[in-house]
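Visitor: Could you have a look at this structure, given as structure tokens, before my questions?
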Amino acid sequence: MRAFLDATIVALILLFAEAAFFSFLHRRQFADLSEMRLGLYLLPLITWLLAAPVAWLGALVQLLVRRQARTVVSAFTLIATTVLAFFLSTGRHMAALPIRFLLLLLSALISASFTWLLVPRLARAEAQAPFAVGASALALALTLMAANIWILPRLYPPFHVGLALLTILLSPWIALLWVGNEALRPCSLRFLASYAALVALALGTVAFSLPSMHHALARADNVRIVLGDRTPTVRYGVRALTLLDSPSYSVADTSSEPGTSPMQDLQGPDWRGHDLLLLTVDALRADHLGAYGYPRKITPYLDRLAAEGTTFRYAYTATPHTSYAVSSLMTGKYMRPLMLQGVGDDPDTLARLLRGYGYRTAAFYPPAVFFVDAERFEALRDRGLDFEYRKVEFASALRRVEQVEAYLKRLKPDRRSFLWVHLFEPHEPYERHPDYNLGDRDIDRYDSEIAAVDAGVRLLVERVRAYRPNTIVLFSSDHGEEFGEHGGRYHGTTVYEEQVRVPLMIHAPGLIPARQIEAPVQTIDLLPTILAALRIPRPARVRGRDLGSYLGPTEPFAGLGFAFAETDESTMLAEGSLRLVCARKLGAC
């Protein structure tokens with residue numbers, strides 16, 4: 001019985017220590033000391049309600065270890081490992097069932113075998129050197145906390161849940177630091193009853209006070225976001241707290257902005273009779289182009305396009321995942337909520353709409369475009385986004401130049417064309433290109449890939465315009481890439497600038513003025529903009545805005561602009577120079 005009580009107390013101490021450490025580490029993100037105090041004592045107590053049963057489970061395992069019940073403990077480890085491995089083994093690399101089954105089998109056998117060998121050794125160590133065992137358990141718990149924060153941050157939620165559970169499961173062994181050999185001796189009934197009553201009273205008080213704690217934290221958005229995002233175990237207390245909420249959301253009213261009506265802005269540019277080349281680059285964040293202020297001069301050609309065309313300095317993708325971003329761009333809609341409702345099989349793609357008006361359409365893109373949540377995109381993937389000609393393969397920028405040129409050679413000169421080329425180079429794993437050796441860090445190799453893409457874009461544009469001189473070039477990206485700016489890596493996890501802000505420029509000298517637009521816009525605005533410029537009626541369900549007033553010869557519309565981006569957990573709204581970032585599952589902005 002004492003093991004259960006000790007484990008409960010240790011869990012509470014761990015949570016308080018964790019909250020104190022990370023509150024101090026991120027103290028600049030709190031408005032004042034009162035916010036920090038809320039995080040220091042309320043959230044650990046709330047999380048303790050969740051952690052106590054896990055600590056009790058750890059105490060049960062500890063008792064089984066002391067009795068050297070190797071079979072039971074090994075079976076527990078086997079089941080736990082199999083469940084964790086099942087939830088972790090997702091994605092395209094584990095799509096084949098034999099591979100996934102082999103991973104589950106190996107994980108289970110290795111963990112069960114290790115446990116079988118460990119149980120008698122751990123039982124002896126507890127009896128002979130309890131303080132050493134306690135110190136080792138504490139060191140392991142701290143290591144797990146660090147791993148939870150710094151390894152694959154925000155990626156693979158089951159991985160982080162597993163680390164948090166294992167941290168709390170270690171509580172009864174950490175308790176050996178102060179109880180030592182007393183843990184192996186019987187305790188008086190009176191002592192245990194008093195001990196149990198004290199713990200039960202504390203847990204009951206916390207549970208009873210939960211509504212008032214929730215009320216105190218309801219408007220403490222900084223506390224929820226900092227401790228809900230930057231802590232290894234307290235974060236789950238924050239998420240549990242949101243179960244008491246019933247938030248309501250409203251959609252921003254952008255009716256005062258240009259292009260929100262289905263009626264086209266007939267004062268905008270006229271692109272009739274022109275060919276279109278849409279170039280998108282995977283994982284290219286805007287602030288790594290010289291035209292957007294990057295000090296490394298790795299994009300001379302794109303910088304020239306920006307100087308000669310209209311550049312939107314604050315353009316945003318709808319969702320920082322390629323599948324959602326590309327499908328949103330090609331439909332002019334926010335595809336993530338539609339996909340979640342099962343109504344994402346949209347017939348109104350840009351390629352299909354242009355084909356209806358005599359355009360020949362061709363797409364050159366990698367199969368990775370539809371890797372994320374592939375089952376939701378089967379219809380769009382199988383239709384190839386409605387392009388007549390498709391070249392779907394992994395290919396370098398230089399290879400794409402050859403493919404596009406081969407296609408253009410077969411195209412009749414009297415037919416207008418819409419080409420889409422999606423270049424994949426900057427996507428991880430980042431590779432250093434021999435002609436652009438910028439260093440060995442990830443960000444150096446990422447920049448090397450961008451430099452190679454810049455050269456590829458130059459060849460593509462020059463080759464296309466050699467065959468189609470009147471081609472309008474539209475350049476953008478599907479999402480950005482994070483390098484630790486907000487404690488994470490890669491993309492798809494936040495709506496901060498490094499992941500959702502992308503380049504957007506439109507280049508057609510003599511037809512489109514050279515200017516820079518500061519107002520926020522969206523990549524889903526491209527479809528209505530193109531349709532408006534070609535005088536093609538826009539489908540009523542399109543959510544993007546016609547940006548034609550920014551592209552005409554007259555002074556652009558001086559509005560605030562608007563952009564929306566989201567992930568599974570976060571939402572970003574942009575208007576003028578303001579950005580609102582909301583963590584939906586934490587109930588905080």
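Naming works like this for the structure tokens: A, B, ... for the chains as they're shown, residue 1 at the start of each chain, ligands 1 onward in shown order.
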Mind the document's chain letters and residue numbers, and return as a list in words the residues of range 293-330 of chain A that DSSP labels alpha helix (DSSP H).
Guide: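 Residues of range 293-330 of chain A classed as alpha helix (DSSP H): Pro300, Tyr301, Leu302, Asp303, Arg304, Leu305, Ala306, Ala307, Glu308, Thr322, Ser323, Tyr324, Ala325, Val326, Ser327, Ser328, Leu329 and Met330 of chain A.
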Visitor: Contacts of Arg416 in chain A at 8 Å or less, counting only C-alpha atoms, minus same-chain residues fewer than 2 places along, as a PDB file with N, CA and C atoms, in the first residue's frame?
Guide:
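Produced file around.pdb, reproduced below:
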```pdb
ATOM      1  N   GLY A 273      -6.046  35.123 -73.772  1.00  0.00           N
ATOM      2  CA  GLY A 273      -5.065  34.938 -74.830  1.00  0.00           C
ATOM      3  C   GLY A 273      -3.671  34.620 -74.329  1.00  0.00           C
ATOM      4  N   HIS A 274      -3.501  34.539 -73.011  1.00  0.00           N
ATOM      5  CA  HIS A 274      -2.190  34.253 -72.446  1.00  0.00           C
ATOM      6  C   HIS A 274      -2.123  32.818 -71.915  1.00  0.00           C
ATOM      7  N   ASP A 275      -0.927  32.252 -71.968  1.00  0.00           N
ATOM      8  CA  ASP A 275      -0.675  30.953 -71.340  1.00  0.00           C
ATOM      9  C   ASP A 275      -0.335  31.173 -69.871  1.00  0.00           C
ATOM     10  N   GLY A 358     -11.261  25.791 -73.122  1.00  0.00           N
ATOM     11  CA  GLY A 358     -10.345  25.556 -74.232  1.00  0.00           C
ATOM     12  C   GLY A 358      -8.881  25.455 -73.889  1.00  0.00           C
ATOM     13  N   TYR A 359      -8.530  25.491 -72.611  1.00  0.00           N
ATOM     14  CA  TYR A 359      -7.119  25.395 -72.233  1.00  0.00           C
ATOM     15  C   TYR A 359      -6.665  23.934 -72.238  1.00  0.00           C
ATOM     16  N   ARG A 360      -5.456  23.701 -72.736  1.00  0.00           N
ATOM     17  CA  ARG A 360      -4.801  22.409 -72.562  1.00  0.00           C
ATOM     18  C   ARG A 360      -4.079  22.450 -71.217  1.00  0.00           C
ATOM     19  N   PRO A 413       0.276  25.263 -81.466  1.00  0.00           N
ATOM     20  CA  PRO A 413       0.484  26.670 -81.089  1.00  0.00           C
ATOM     21  C   PRO A 413      -0.800  27.468 -80.948  1.00  0.00           C
ATOM     22  N   ASP A 414      -1.919  27.009 -81.512  1.00  0.00           N
ATOM     23  CA  ASP A 414      -3.149  27.782 -81.439  1.00  0.00           C
ATOM     24  C   ASP A 414      -3.954  27.497 -80.180  1.00  0.00           C
ATOM     25  N   PHE A 418      -2.209  25.649 -69.726  1.00  0.00           N
ATOM     26  CA  PHE A 418      -2.025  25.871 -68.284  1.00  0.00           C
ATOM     27  C   PHE A 418      -1.133  24.744 -67.778  1.00  0.00           C
TER      28      PHE A 418
END
```
Visitor: Please determine, counting only C-alpha atoms, which residue among A:Ser476, A:Ser89, A:Thr242, A:Thr554 has the shortest atom-to-atom distance to His214 in chain A.
Guide: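 Looking only at the distances to His214 in chain A, the closest residue turns out to be A:Thr242.
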Visitor: Identify which of the residues A:Ile536, A:Ala325, A:Ala52, A:Met335 lies closest to Val502 in chain A, counting only C-alpha atoms when measuring atom-to-atom distances.
Guide: A:Ala325
Visitor: CA of Val464 in chain A and CA of Asn437 in chain A are how many Å apart?
Guide: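 A separation of 28.6 Å between them.
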Visitor: Could you state the separation of CA of Ala283 in chain A and CA of Gly480 in chain A in Å, given to one decimal place?
Guide: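 Computed distance, CA of Ala283 in chain A to CA of Gly480 in chain A, equals 4.6 Å.
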Visitor: Tell me, in Å to one decimal, how far CA of Phe483 in chain A is from CA of Val500 in chain A.
Guide: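 Between CA of Phe483 in chain A and CA of Val500 in chain A the gap works out to 13.3 Å.
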Visitor: I'd like the contact shell of Leu459 in chain A - 9 Å cut-off, only C-alpha atoms, skipping same-chain residues fewer than 3 positions apart - returned as a ChimeraX atom specification.
Guide: /A:397-398,401,454-456,462-464
Visitor: Name all residues at most 8 Å from range 137-146 of chain A (count only C-alpha atoms; drop same-chain ones fewer than 2 positions away) and give them as a PyMOL selection string.
Guide: chain A and resi 133-135+148-151+163-164+166-168+170-171+173-174+232-233
